[in-house]
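Source file: final.cif; contents: mmCIF, C-alpha atoms and all ligand atoms.
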data_upload
#
loop_
_atom_site.label_atom_id
_atom_site.label_comp_id
_atom_site.auth_asym_id
_atom_site.auth_seq_id
_atom_site.Cartn_x
_atom_site.Cartn_y
_atom_site.Cartn_z
CA MET A 104 0.00 0.00 0.00
CA HIS A 105 1.28 3.49 -0.81
CA ALA A 106 1.56 5.96 2.04
CA LEU A 107 -0.50 9.10 1.48
CA LYS A 108 1.89 11.99 0.91
CA LEU A 109 0.58 15.33 2.14
CA HIS A 110 1.98 18.36 0.37
CA THR A 111 2.26 21.42 2.58
CA LEU A 112 1.83 24.54 0.46
CA THR A 113 4.82 26.83 0.27
CA LEU A 114 4.42 30.54 1.02
CA ALA A 115 4.61 31.32 -2.72
CA GLU A 116 1.88 28.77 -3.47
CA GLN A 117 -0.36 30.15 -0.71
CA LEU A 118 0.03 33.70 -2.04
CA ALA A 119 -0.72 32.56 -5.59
CA ASP A 120 -3.86 30.81 -4.28
CA LEU A 121 -4.97 34.02 -2.55
CA ALA A 122 -4.39 36.13 -5.67
CA VAL A 123 -6.36 33.74 -7.91
CA GLU A 124 -9.15 33.52 -5.30
CA ALA A 125 -9.37 37.33 -5.21
CA LEU A 126 -9.77 37.39 -9.01
CA ILE A 127 -12.45 34.71 -8.96
CA ASP A 128 -14.31 36.42 -6.10
CA GLU A 129 -14.24 39.70 -8.04
CA ALA A 130 -15.53 38.07 -11.23
CA ASP A 131 -18.32 36.22 -9.39
CA LEU A 132 -19.51 39.25 -7.43
CA SER A 133 -22.90 40.36 -8.80
CA PRO A 134 -24.55 42.65 -9.81
CA LYS A 135 -21.50 44.78 -10.77
CA PRO A 136 -22.31 47.77 -13.01
CA ALA A 137 -21.39 47.10 -16.67
CA LEU A 138 -18.77 44.47 -15.69
CA VAL A 139 -18.66 40.73 -16.33
CA ASP A 140 -20.45 38.92 -13.51
CA ARG A 141 -22.77 35.95 -12.85
CA ARG A 142 -25.57 37.73 -14.73
CA GLY A 143 -23.72 38.32 -17.98
CA ASN A 144 -21.03 40.13 -19.93
CA GLY A 145 -21.78 43.73 -18.96
CA ALA A 146 -20.42 46.15 -21.56
CA HIS A 147 -18.03 43.53 -23.04
CA ASN A 148 -18.81 41.55 -26.15
CA ASP A 149 -15.54 39.58 -25.99
CA LEU A 150 -15.67 38.53 -22.31
CA HIS A 151 -17.74 36.10 -20.24
CA LEU A 152 -17.54 34.63 -16.74
CA GLY A 153 -16.01 31.31 -17.83
CA LEU A 154 -13.23 33.20 -19.61
CA MET A 155 -12.56 35.34 -16.52
CA HIS A 156 -12.27 32.16 -14.40
CA ALA A 157 -9.99 30.42 -16.91
CA SER A 158 -7.86 33.55 -17.16
CA ALA A 159 -7.58 33.83 -13.34
CA LEU A 160 -6.46 30.20 -13.07
CA SER A 161 -3.93 30.62 -15.89
CA LEU A 162 -2.21 33.32 -13.83
CA TRP A 163 -1.45 31.06 -10.83
CA PRO A 164 2.07 30.08 -12.00
CA ALA A 165 2.97 33.74 -12.66
CA PHE A 166 1.86 34.83 -9.17
CA LYS A 167 3.77 31.91 -7.62
CA GLU A 168 6.89 32.83 -9.59
CA MET A 169 6.59 36.49 -8.55
CA ALA A 170 6.44 35.46 -4.88
CA GLU A 171 9.39 33.13 -5.35
CA ALA A 172 11.42 35.92 -6.96
CA ALA A 173 10.64 38.20 -4.01
CA ILE A 174 11.71 35.51 -1.53
CA ALA A 175 14.89 34.69 -3.46
CA LEU A 176 15.99 38.31 -4.02
CA GLY A 177 14.81 39.37 -0.56
CA GLU A 178 14.75 43.14 -1.02
CA ILE A 179 13.13 45.96 -2.96
CA GLY A 180 15.42 46.89 -5.83
CA LEU A 181 15.85 46.88 -9.57
CA PRO A 182 16.62 43.12 -9.82
CA LEU A 183 13.25 42.29 -8.24
CA ARG A 184 11.38 44.98 -10.20
CA GLU A 185 12.76 43.68 -13.48
CA ALA A 186 12.10 40.05 -12.53
CA LEU A 187 8.46 41.00 -11.80
CA GLY A 188 8.21 42.82 -15.14
CA ARG A 189 9.48 39.76 -17.01
CA ILE A 190 7.19 37.35 -15.12
CA GLY A 191 4.25 39.78 -15.54
CA ARG A 192 4.78 39.92 -19.31
CA GLU A 193 4.99 36.11 -19.43
CA GLY A 194 1.78 35.97 -17.34
CA GLU A 195 0.11 38.25 -19.86
CA GLN A 196 1.16 35.86 -22.63
CA SER A 197 -0.35 32.84 -20.86
CA MET A 198 -3.51 34.89 -20.19
CA LEU A 199 -3.74 35.78 -23.90
CA ALA A 200 -3.09 32.15 -24.91
CA THR A 201 -5.94 31.05 -22.60
CA THR A 202 -8.39 33.71 -23.79
CA GLN A 203 -7.35 33.59 -27.46
CA GLY A 204 -6.07 37.13 -27.40
CA VAL A 205 -8.64 38.86 -25.19
CA ASN A 206 -7.46 41.17 -22.40
CA THR A 207 -9.15 39.76 -19.31
CA HIS A 208 -6.75 40.69 -16.51
CA ARG A 209 -3.97 43.01 -17.66
CA GLY A 210 -4.43 45.57 -14.92
CA ALA A 211 -4.97 42.85 -12.33
CA ILE A 212 -1.64 41.15 -13.10
CA TRP A 213 0.04 44.47 -12.42
CA ALA A 214 -1.73 45.32 -9.14
CA LEU A 215 -1.86 41.81 -7.69
CA GLY A 216 1.64 40.95 -8.91
CA LEU A 217 3.11 43.86 -6.98
CA LEU A 218 1.06 42.99 -3.90
CA VAL A 219 2.00 39.29 -4.03
CA ALA A 220 5.68 40.28 -4.18
CA ALA A 221 5.18 42.79 -1.36
CA ALA A 222 3.56 40.10 0.82
CA ALA A 223 6.29 37.56 0.04
CA LEU A 224 9.06 40.03 0.94
CA ALA A 225 7.88 40.32 4.55
CA PRO A 226 5.18 37.71 5.28
CA GLU A 227 4.97 38.67 8.96
CA SER A 228 4.21 42.32 8.09
CA ARG A 229 0.53 42.12 7.16
CA ASN A 230 -0.70 45.62 7.85
CA ALA A 231 -2.46 47.00 4.74
CA ASN A 232 -0.50 50.27 4.72
CA ALA A 233 2.87 48.55 5.08
CA LEU A 234 1.99 46.07 2.32
CA ALA A 235 0.81 48.82 -0.05
CA LEU A 236 3.93 50.87 0.70
CA ARG A 237 6.23 47.99 -0.28
CA ALA A 238 4.20 47.48 -3.49
CA ALA A 239 4.46 51.21 -4.24
CA ARG A 240 8.23 51.20 -3.77
CA LEU A 241 8.47 48.38 -6.31
CA ALA A 242 6.15 50.19 -8.74
CA LEU A 243 8.30 53.34 -8.52
CA LEU A 244 11.34 51.54 -9.90
CA ASN A 245 11.78 51.81 -13.63
CA ASP A 246 11.83 48.49 -15.48
CA ARG A 247 14.35 49.08 -18.30
CA HIS A 248 12.83 46.25 -20.36
CA ALA A 249 9.21 47.44 -20.24
CA PRO A 250 7.85 47.94 -23.77
CA GLN A 251 6.94 51.55 -24.57
CA ALA A 252 3.66 50.57 -26.26
CA LEU A 253 0.94 53.18 -26.67
CA SER A 254 -1.61 51.29 -24.55
CA HIS A 255 -5.20 52.47 -24.07
CA GLY A 256 -4.17 53.71 -20.63
CA ALA A 257 -1.24 55.68 -22.04
CA GLN A 258 -3.46 57.22 -24.72
CA VAL A 259 -6.06 58.54 -22.28
CA ALA A 260 -3.42 59.55 -19.75
CA ARG A 261 -1.98 61.77 -22.48
CA ARG A 262 -5.36 63.06 -23.62
CA TYR A 263 -6.99 63.75 -20.23
CA GLY A 264 -3.95 63.91 -17.94
CA ALA A 265 -5.43 61.00 -15.97
CA ARG A 266 -3.56 58.93 -13.41
CA GLY A 267 -3.72 55.33 -14.57
CA ALA A 268 -2.81 51.91 -13.25
CA ARG A 269 0.90 52.68 -12.92
CA GLU A 270 0.37 55.83 -10.83
CA GLU A 271 -2.29 54.19 -8.66
CA ALA A 272 0.28 51.57 -7.65
CA GLN A 273 3.09 54.13 -7.27
CA LEU A 274 0.93 56.09 -4.84
CA GLY A 275 0.30 52.96 -2.73
CA PHE A 276 -3.19 52.17 -4.06
CA PRO A 277 -5.07 55.13 -2.51
CA SER A 278 -8.39 53.97 -4.01
CA VAL A 279 -8.04 50.73 -2.11
CA LEU A 280 -6.50 52.01 1.13
CA GLN A 281 -8.62 55.15 1.46
CA ARG A 282 -11.87 54.01 -0.20
CA GLY A 283 -12.32 50.29 -0.81
CA LEU A 284 -10.99 48.76 2.41
CA PRO A 285 -12.61 51.26 4.82
CA GLN A 286 -15.96 50.80 3.03
CA LEU A 287 -15.62 47.00 3.10
CA LYS A 288 -15.14 47.10 6.86
CA LYS A 289 -17.90 49.68 7.40
CA SER A 290 -20.44 47.68 5.39
CA ARG A 291 -19.44 44.42 7.08
CA ALA A 292 -20.42 45.97 10.41
CA HIS A 293 -24.06 45.79 9.18
CA PRO A 294 -25.74 42.40 8.97
CA HIS A 295 -26.28 42.54 5.19
CA GLY A 296 -23.81 39.91 4.13
CA GLU A 297 -20.40 39.74 2.52
CA GLN A 298 -21.55 40.19 -1.09
CA ASN A 299 -23.19 43.54 -0.33
CA ALA A 300 -20.09 44.67 1.58
CA ARG A 301 -17.94 43.82 -1.45
CA LEU A 302 -20.30 45.64 -3.81
CA ASP A 303 -20.11 48.70 -1.55
CA ALA A 304 -16.30 48.46 -1.59
CA LEU A 305 -16.34 48.40 -5.41
CA LEU A 306 -18.64 51.43 -5.47
CA ALA A 307 -16.39 53.30 -3.04
CA ILE A 308 -13.42 52.65 -5.34
CA MET A 309 -15.47 53.89 -8.31
CA THR A 310 -16.37 57.19 -6.62
CA ARG A 311 -12.86 58.61 -7.13
CA LEU A 312 -10.90 56.47 -9.56
CA ALA A 313 -9.69 57.84 -12.91
CA ASP A 314 -10.49 54.50 -14.54
CA THR A 315 -8.68 54.54 -17.87
CA CYS A 316 -10.92 51.74 -19.22
CA VAL A 317 -13.91 54.07 -18.76
CA LEU A 318 -12.05 57.10 -20.10
CA TYR A 319 -10.93 55.21 -23.20
CA ARG A 320 -14.42 53.92 -23.96
CA ALA A 321 -16.61 56.84 -22.85
CA GLY A 322 -14.47 59.90 -22.12
CA THR A 323 -15.10 62.29 -19.24
CA GLU A 324 -18.87 61.87 -19.58
CA GLY A 325 -18.45 58.17 -18.79
CA LEU A 326 -16.06 58.84 -15.92
CA GLN A 327 -18.42 61.35 -14.33
CA ALA A 328 -21.36 58.98 -14.71
CA MET A 329 -19.33 56.25 -12.97
CA GLN A 330 -18.08 58.41 -10.10
CA GLN A 331 -21.34 60.25 -9.42
CA GLY A 332 -23.52 57.18 -9.91
CA ALA A 333 -21.42 55.13 -7.49
CA GLN A 334 -21.60 57.92 -4.91
CA ALA A 335 -25.39 58.08 -5.35
CA VAL A 336 -25.72 54.36 -4.51
CA LEU A 337 -23.67 54.78 -1.33
CA ASP A 338 -25.57 57.96 -0.35
CA ALA A 339 -28.88 56.13 -0.82
CA GLY A 340 -27.83 53.51 1.75
CA GLY A 341 -25.54 51.21 -0.20
CA SER A 342 -26.21 48.10 -2.23
CA ALA A 343 -28.10 46.33 0.57
CA SER A 344 -30.84 48.97 0.78
CA LEU A 345 -33.83 49.15 -1.56
CA ALA A 346 -33.09 52.75 -2.56
CA GLY A 347 -29.41 51.87 -3.10
CA ARG A 348 -30.33 48.88 -5.28
CA ARG A 349 -32.50 51.12 -7.46
CA ARG A 350 -29.59 53.51 -7.89
CA LEU A 351 -27.26 50.61 -8.62
CA ASN A 352 -29.61 49.39 -11.34
CA GLU A 353 -29.71 52.91 -12.81
CA LEU A 354 -25.91 53.07 -12.76
CA ASP A 355 -25.70 49.72 -14.54
CA GLN A 356 -28.10 50.92 -17.28
CA GLN A 357 -26.31 54.25 -17.66
CA LEU A 358 -22.83 52.71 -17.95
CA LEU A 359 -24.09 50.07 -20.39
CA ALA A 360 -25.63 52.82 -22.55
CA LEU A 361 -22.25 54.61 -22.55
CA ASN A 362 -20.32 51.34 -23.14
CA ALA A 363 -18.31 52.35 -20.08
CA SER A 364 -16.93 49.33 -18.24
CA PRO A 365 -15.05 50.12 -15.00
CA GLY A 366 -12.37 47.42 -15.47
CA GLY A 367 -9.79 49.35 -13.45
CA ALA A 368 -12.14 49.55 -10.47
CA ALA A 369 -12.77 45.81 -10.80
CA ASP A 370 -9.01 45.11 -10.68
CA LEU A 371 -8.68 47.28 -7.60
CA LEU A 372 -11.54 45.43 -5.90
CA ALA A 373 -9.53 42.22 -6.43
CA ALA A 374 -6.52 44.02 -4.89
CA CYS A 375 -8.73 45.12 -1.98
CA LEU A 376 -9.96 41.55 -1.35
CA PHE A 377 -6.38 40.26 -1.51
CA ILE A 378 -5.10 42.83 1.01
CA ASP A 379 -8.08 42.14 3.27
CA ARG A 380 -7.28 38.40 3.28
CA ILE A 381 -3.60 39.00 4.03
CA GLU A 382 -4.45 41.42 6.82
CA SER A 383 -6.98 39.15 8.49
CA CYS A 384 -4.87 35.95 8.44
CA ASP A 385 -2.90 34.97 11.46
CA GLY A 386 -0.49 32.09 11.13
CA ALA A 387 -0.36 30.51 7.68
CA PHE A 388 -2.30 32.33 4.98
C1 LIG A 401 1.21 49.33 -15.75
C2 LIG A 401 0.38 48.44 -16.66
C3 LIG A 401 -0.91 48.14 -15.92
C4 LIG A 401 0.12 49.13 -18.00
O1 LIG A 401 -0.70 50.23 -17.81
P1 LIG A 401 -1.30 51.13 -18.96
O2 LIG A 401 -2.18 52.16 -18.33
O3 LIG A 401 -0.19 51.63 -19.84
O4 LIG A 401 -2.09 50.05 -19.82
P2 LIG A 401 -3.56 49.59 -20.13
O5 LIG A 401 -4.40 50.54 -20.89
O6 LIG A 401 -3.37 48.27 -20.78
O7 LIG A 401 -4.31 49.50 -18.70
C5 LIG A 401 -4.05 48.52 -17.85
C6 LIG A 401 -5.28 48.14 -17.00
O8 LIG A 401 -5.23 48.77 -15.71
C7 LIG A 401 -6.53 48.87 -15.15
N1 LIG A 401 -6.78 50.28 -14.77
C8 LIG A 401 -7.32 51.27 -15.48
N2 LIG A 401 -7.33 52.42 -14.81
C9 LIG A 401 -6.79 52.16 -13.63
C10 LIG A 401 -6.51 52.97 -12.51
N3 LIG A 401 -6.79 54.27 -12.48
N4 LIG A 401 -5.93 52.37 -11.45
C11 LIG A 401 -5.63 51.07 -11.47
N5 LIG A 401 -5.88 50.26 -12.50
C12 LIG A 401 -6.44 50.80 -13.58
C13 LIG A 401 -7.47 48.39 -16.20
O9 LIG A 401 -7.82 47.07 -15.98
C14 LIG A 401 -6.67 48.47 -17.49
O10 LIG A 401 -7.11 47.51 -18.44
C15 LIG A 401 1.01 47.08 -16.80
O11 LIG A 401 0.22 46.30 -17.65
C16 LIG A 401 2.45 46.99 -17.26
O12 LIG A 401 3.25 47.88 -17.31
N6 LIG A 401 2.78 45.80 -17.58
C17 LIG A 401 4.14 45.44 -17.98
C18 LIG A 401 4.59 44.21 -17.23
C19 LIG A 401 5.00 44.49 -15.81
O13 LIG A 401 5.82 45.35 -15.47
N7 LIG A 401 4.48 43.73 -14.88
C20 LIG A 401 4.80 43.85 -13.53
C21 LIG A 401 4.10 42.79 -12.83
S1 LIG A 401 4.06 43.07 -11.14
N1 LIG A 402 -15.32 41.54 -14.03
C1 LIG A 402 -14.69 42.25 -14.99
N2 LIG A 402 -15.33 42.61 -16.11
C2 LIG A 402 -14.70 43.34 -17.05
N3 LIG A 402 -13.43 43.76 -16.96
C3 LIG A 402 -12.72 43.43 -15.87
C4 LIG A 402 -13.34 42.66 -14.84
N4 LIG A 402 -12.42 42.46 -13.89
C5 LIG A 402 -11.31 43.08 -14.27
N5 LIG A 402 -11.46 43.68 -15.46
C6 LIG A 402 -10.40 44.47 -16.10
O1 LIG A 402 -10.83 45.26 -17.17
C7 LIG A 402 -9.90 45.22 -18.24
C8 LIG A 402 -10.67 45.00 -19.53
O2 LIG A 402 -11.21 46.20 -19.92
P1 LIG A 402 -11.28 46.63 -21.44
O3 LIG A 402 -11.85 45.48 -22.25
O4 LIG A 402 -12.01 47.93 -21.47
O5 LIG A 402 -9.76 46.85 -21.78
P2 LIG A 402 -9.04 46.98 -23.14
O6 LIG A 402 -8.69 45.62 -23.65
O7 LIG A 402 -7.92 47.92 -22.85
O8 LIG A 402 -10.07 47.77 -24.06
P3 LIG A 402 -11.20 47.44 -25.18
O9 LIG A 402 -11.95 46.20 -24.82
O10 LIG A 402 -12.03 48.68 -25.08
O11 LIG A 402 -10.45 47.31 -26.47
C9 LIG A 402 -8.96 44.08 -17.98
O12 LIG A 402 -7.62 44.54 -17.99
C10 LIG A 402 -9.31 43.57 -16.61
O13 LIG A 402 -8.19 43.60 -15.75
#
Could you render the structure from this file as structure tokens?
Ligand SMILES: CC(C)(COP(=O)(O)OP(=O)(O)OC[C@H]1O[C@@H](n2cnc3c(N)ncnc32)[C@H](O)[C@@H]1O)[C@@H](O)C(=O)NCCC(=O)NCCS
Ligand SMILES: Nc1ncnc2c1ncn2[C@@H]1O[C@H](COP(=O)(O)OP(=O)(O)OP(=O)(O)O)[C@@H](O)[C@H]1O
Amino acid sequence: MHALKLHTLTLAEQLADLAVEALIDEADLSPKPALVDRRGNGAHNDLHLGLMHASALSLWPAFKEMAEAAIALGEIGLPLREALGRIGREGEQSMLATTQGVNTHRGAIWALGLLVAAAALAPESRNANALALRAARLALLNDRHAPQALSHGAQVARRYGARGAREEAQLGFPSVLQRGLPQLKKSRAHPHGEQNARLDALLAIMTRLADTCVLYRAGTEGLQAMQQGAQAVLDAGGSASLAGRRRLNELDQQLLALNASPGGAADLLAACLFIDRIESCDGAF
């Protein structure tokens, strides 16, 4: 008879699990305005929930490798930044191979990749601010091998002077630390369930973010509709209240009409859920 061999997960494997779980939790959360969720494809004709799940799972090896690089190199510096850039670009390639060329998680690889590395660098330091600060210090380093492509984000940053995914990380994820996480905790204090608390956290992120996905697709009109509409849901009592749900439905309709999908806010919700899990774990993750 063969003895049963139990495999204890390494730190890198545990962090990769948490990152993938955060992506799957974000995708499954419903009803998210104009985003892919359990109800449908939102404002996207090339995305669906199964693709978001497959994409999230395809990223597990990249997140594990990022954590391993952080553990091996052991400090914030150019060698780690450039290792993360290389692994991130390879992760993007496996995402694109899985989705047959569709961008499902580009911004999420960036935000979660930095946070996974930040967690792996000092696994005992689980405070959200300390974690975000380490991620920001990594994001501030210039990867000499990064392609200078004129991405959608770069185009709207130039046109509207917006702060995109790069700057959000370099500033230590203010939308998450100052909006998403506090709202998540505030809404959890009410007995309305975890899904409503997560929806409220997403809305809180949307109230301020310069989401370059929205700007690219719907300009400043779309961005204003997103920010003001999200604030209106929270002011009406949040997603667990009847008045808030009506406002949320209106926001969904309005963003769909504008083809304005808040993909950046969705990525940052995944980052928020990841940080929340790291912060609340004691002992192994
Ligand atoms: C910095 C990144 C996100 C590129 O950003 P850029 O704005 O130029 O590109 P793009 O239009 O493709 O947008 C990226 C995505 O970020 C998300 N996003 C949009 N707005 C925001 C925002 N304000 N804040 C955070 N995320 C946002 C969206 O999902 C969007 O699709 C990143 O993809 C990158 O540089 N990758 C290279 C590989 C790398 O260095 N990886 C490191 C892994 S840790
Ligand atoms: N649940 C979700 N639904 C839709 N997008 C999401 C979701 N979660 C995260 N995103 C993010 O949104 C981005 C996709 O947005 P979008 O399709 O607008 O980007 P794009 O490929 O730059 O632009 P376009 O589709 O307009 O050519 C992905 O990078 C992804 O990280």
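Those residues that approach region 337-348 of chain A to within 10 Å, counting all atoms listed in the file, are Pro134, Gln286, Ser290, His293, Pro294, His295, Gly296, Gln298, Asn299, Ala300, Arg301, Leu302, Asp303, Ala304, Leu306, Ala307, Thr310, Gly332, Ala333, Gln334, Ala335, Arg350, Leu351, Asn352, Glu353 and Leu354 of chain A; same-chain residues fewer than 2 positions away are not listed.
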Among the residues A:Leu138, A:Ser133, A:Gly143, A:Gln117, the one that comes closest to Glu171 (chain A) [using all atoms listed in the file] |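 Distance minimum relative to Glu171 (chain A) lands on A:Gln117.
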Which residues come within 12 Å of Pro182 (chain A), counting only C-alpha atoms, excluding same-chain residues fewer than 6 positions away, as a PDB file with C-alpha atoms, in the coordinates of the input?
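Result written to out_26.pdb:
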ATOM      1  CA  ALA A 172      11.420  35.920  -6.960  1.00  0.00           C
ATOM      2  CA  ALA A 173      10.640  38.200  -4.010  1.00  0.00           C
ATOM      3  CA  ALA A 175      14.890  34.690  -3.460  1.00  0.00           C
ATOM      4  CA  LEU A 176      15.990  38.310  -4.020  1.00  0.00           C
ATOM      5  CA  GLY A 188       8.210  42.820 -15.140  1.00  0.00           C
ATOM      6  CA  ARG A 189       9.480  39.760 -17.010  1.00  0.00           C
ATOM      7  CA  LEU A 241       8.470  48.380  -6.310  1.00  0.00           C
ATOM      8  CA  LEU A 244      11.340  51.540  -9.900  1.00  0.00           C
ATOM      9  CA  ASN A 245      11.780  51.810 -13.630  1.00  0.00           C
ATOM     10  CA  ASP A 246      11.830  48.490 -15.480  1.00  0.00           C
ATOM     11  CA  ARG A 247      14.350  49.080 -18.300  1.00  0.00           C
ATOM     12  CA  HIS A 248      12.830  46.250 -20.360  1.00  0.00           C
TER      13      HIS A 248
END
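Closest approach to ligand LIG 402 (chain A) among A:Gln331, A:Thr315, A:Gln356, A:Asn230 is made by A:Thr315 (distances from all atoms listed in the file).
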For chain A against ligand LIG 401 (chain A), with a cut-off of 7 Å and counting only C-alpha atoms and all ligand atoms, what is the closest atom pair and its distance in Å to one decimal for every residue that makes the cut, ordered by chain and number, as a Markdown table?
| residue | atom | partner | partner_atom | distance |
| --- | --- | --- | --- | --- |
| A:Leu187 | CA | A:LIG401 | C21 | 4.8 |
| A:Gly188 | CA | A:LIG401 | O13 | 3.5 |
| A:Arg189 | CA | A:LIG401 | C18 | 6.6 |
| A:Ile190 | CA | A:LIG401 | C21 | 6.7 |
| A:Gly191 | CA | A:LIG401 | N7 | 4.0 |
| A:Arg192 | CA | A:LIG401 | C18 | 4.8 |
| A:His208 | CA | A:LIG401 | O9 | 6.5 |
| A:Arg209 | CA | A:LIG401 | O11 | 5.3 |
| A:Gly210 | CA | A:LIG401 | O8 | 3.4 |
| A:Ala211 | CA | A:LIG401 | O9 | 6.3 |
| A:Ile212 | CA | A:LIG401 | C21 | 6.0 |
| A:Trp213 | CA | A:LIG401 | C21 | 4.4 |
| A:Ala214 | CA | A:LIG401 | S1 | 6.5 |
| A:Leu215 | CA | A:LIG401 | S1 | 7.0 |
| A:Gly216 | CA | A:LIG401 | S1 | 3.9 |
| A:Leu217 | CA | A:LIG401 | S1 | 4.3 |
| A:Asp246 | CA | A:LIG401 | O13 | 6.8 |
| A:Ala249 | CA | A:LIG401 | C17 | 5.9 |
| A:Ser254 | CA | A:LIG401 | O5 | 4.7 |
| A:His255 | CA | A:LIG401 | O5 | 3.8 |
| A:Gly256 | CA | A:LIG401 | O5 | 3.2 |
| A:Ala257 | CA | A:LIG401 | O3 | 4.7 |
| A:Arg266 | CA | A:LIG401 | N3 | 5.7 |
| A:Gly267 | CA | A:LIG401 | N3 | 3.9 |
| A:Ala268 | CA | A:LIG401 | C11 | 3.4 |
| A:Arg269 | CA | A:LIG401 | C1 | 4.4 |
| A:Glu271 | CA | A:LIG401 | N4 | 4.9 |
| A:Leu312 | CA | A:LIG401 | N3 | 5.5 |
| A:Ala313 | CA | A:LIG401 | N3 | 4.6 |
| A:Asp314 | CA | A:LIG401 | N2 | 3.8 |
| A:Thr315 | CA | A:LIG401 | N2 | 4.0 |
| A:Cys316 | CA | A:LIG401 | C8 | 5.2 |
| A:Gly366 | CA | A:LIG401 | O9 | 4.6 |
| A:Gly367 | CA | A:LIG401 | N1 | 3.4 |
| A:Ala368 | CA | A:LIG401 | C12 | 6.6 |
| A:Asp370 | CA | A:LIG401 | O9 | 5.8 |
| A:Leu371 | CA | A:LIG401 | C11 | 6.2 |
Emit the selected residues as a short mmCIF file (atom, residue, chain, number, x, y, z; two decimals), in the coordinates of the input, including C-alpha atoms.
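Below you can see part.cif, which holds the result:
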data_model
loop_
_atom_site.label_atom_id
_atom_site.label_comp_id
_atom_site.auth_asym_id
_atom_site.auth_seq_id
_atom_site.Cartn_x
_atom_site.Cartn_y
_atom_site.Cartn_z
CA LEU A 187 8.46 41.00 -11.80
CA GLY A 188 8.21 42.82 -15.14
CA ARG A 189 9.48 39.76 -17.01
CA ILE A 190 7.19 37.35 -15.12
CA GLY A 191 4.25 39.78 -15.54
CA ARG A 192 4.78 39.92 -19.31
CA HIS A 208 -6.75 40.69 -16.51
CA ARG A 209 -3.97 43.01 -17.66
CA GLY A 210 -4.43 45.57 -14.92
CA ALA A 211 -4.97 42.85 -12.33
CA ILE A 212 -1.64 41.15 -13.10
CA TRP A 213 0.04 44.47 -12.42
CA ALA A 214 -1.73 45.32 -9.14
CA LEU A 215 -1.86 41.81 -7.69
CA GLY A 216 1.64 40.95 -8.91
CA LEU A 217 3.11 43.86 -6.98
CA ASP A 246 11.83 48.49 -15.48
CA ALA A 249 9.21 47.44 -20.24
CA SER A 254 -1.61 51.29 -24.55
CA HIS A 255 -5.20 52.47 -24.07
CA GLY A 256 -4.17 53.71 -20.63
CA ALA A 257 -1.24 55.68 -22.04
CA ARG A 266 -3.56 58.93 -13.41
CA GLY A 267 -3.72 55.33 -14.57
CA ALA A 268 -2.81 51.91 -13.25
CA ARG A 269 0.90 52.68 -12.92
CA GLU A 271 -2.29 54.19 -8.66
CA LEU A 312 -10.90 56.47 -9.56
CA ALA A 313 -9.69 57.84 -12.91
CA ASP A 314 -10.49 54.50 -14.54
CA THR A 315 -8.68 54.54 -17.87
CA CYS A 316 -10.92 51.74 -19.22
CA GLY A 366 -12.37 47.42 -15.47
CA GLY A 367 -9.79 49.35 -13.45
CA ALA A 368 -12.14 49.55 -10.47
CA ASP A 370 -9.01 45.11 -10.68
CA LEU A 371 -8.68 47.28 -7.60
#
Taking all listed atoms of ligand LIG 402 (chain A), build the axis-aligned box, pad each of the six sides by 8 Å, then write its centre and edge lengths in Å to one decimal as lines of an AutoDock Vina configuration file.
center_x = -11.5
center_y = 45.1
center_z = -20.2
size_x = 23.7
size_y = 23.1
size_z = 28.6
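The residue set within 10 Å of Gly322 (chain A), counting only C-alpha atoms and dropping same-chain residues fewer than 2 places from it, reads Val259, Arg262, Tyr263, Thr315, Cys316, Val317, Leu318, Tyr319, Arg320, Glu324, Gly325, Leu326, Gln327, Leu361 and Ala363 of chain A.
You can rank A:Ile381, A:Val219, A:Ala165, A:Leu253 by their closest distance to ligand LIG 402 (chain A) using only C-alpha atoms and all ligand atoms, and at the top of that list sits A:Leu253.
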Point-to-point distance from atom C7 of ligand LIG 402 (chain A) to CA of Leu236 (chain A), Å rounded to tenths | 24.1 Å
Any idea what the distance is between CA of Glu124 (chain A) and CA of Phe276 (chain A)?
->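 Calculated distance between CA of Glu124 (chain A) and CA of Phe276 (chain A) is 19.6 Å.
The nearest approach to ligand LIG 402 (chain A) among the residues A:Ala328, A:Ala200, A:Leu121, A:Ala374, with all atoms listed in the file taken into account, belongs to A:Ala374.
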State, in Å with one decimal place, the distance from CA of Ala146 (chain A) to CA of Ala369 (chain A).
-> 13.2 Å
Which residue gives the smallest distance to Leu359 (chain A) among A:Arg261, A:Arg311, A:Lys135, A:Lys167, with only C-alpha atoms counted?
-> A:Lys135
Distance criterion (all atoms listed in the file): nearest to ligand LIG 402 (chain A) out of A:Ala272, A:Ala119, A:Ala235, A:Ala130 =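 So, comparing all the options, the nearest one is A:Ala130.
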Got a sec: who's within 9 Å of Leu160 (chain A), counting all atoms listed in the file, leaving out chain neighbours fewer than 5 positions off, as a PyMOL selection string?
-> chain A and resi 123-124+126-127+155
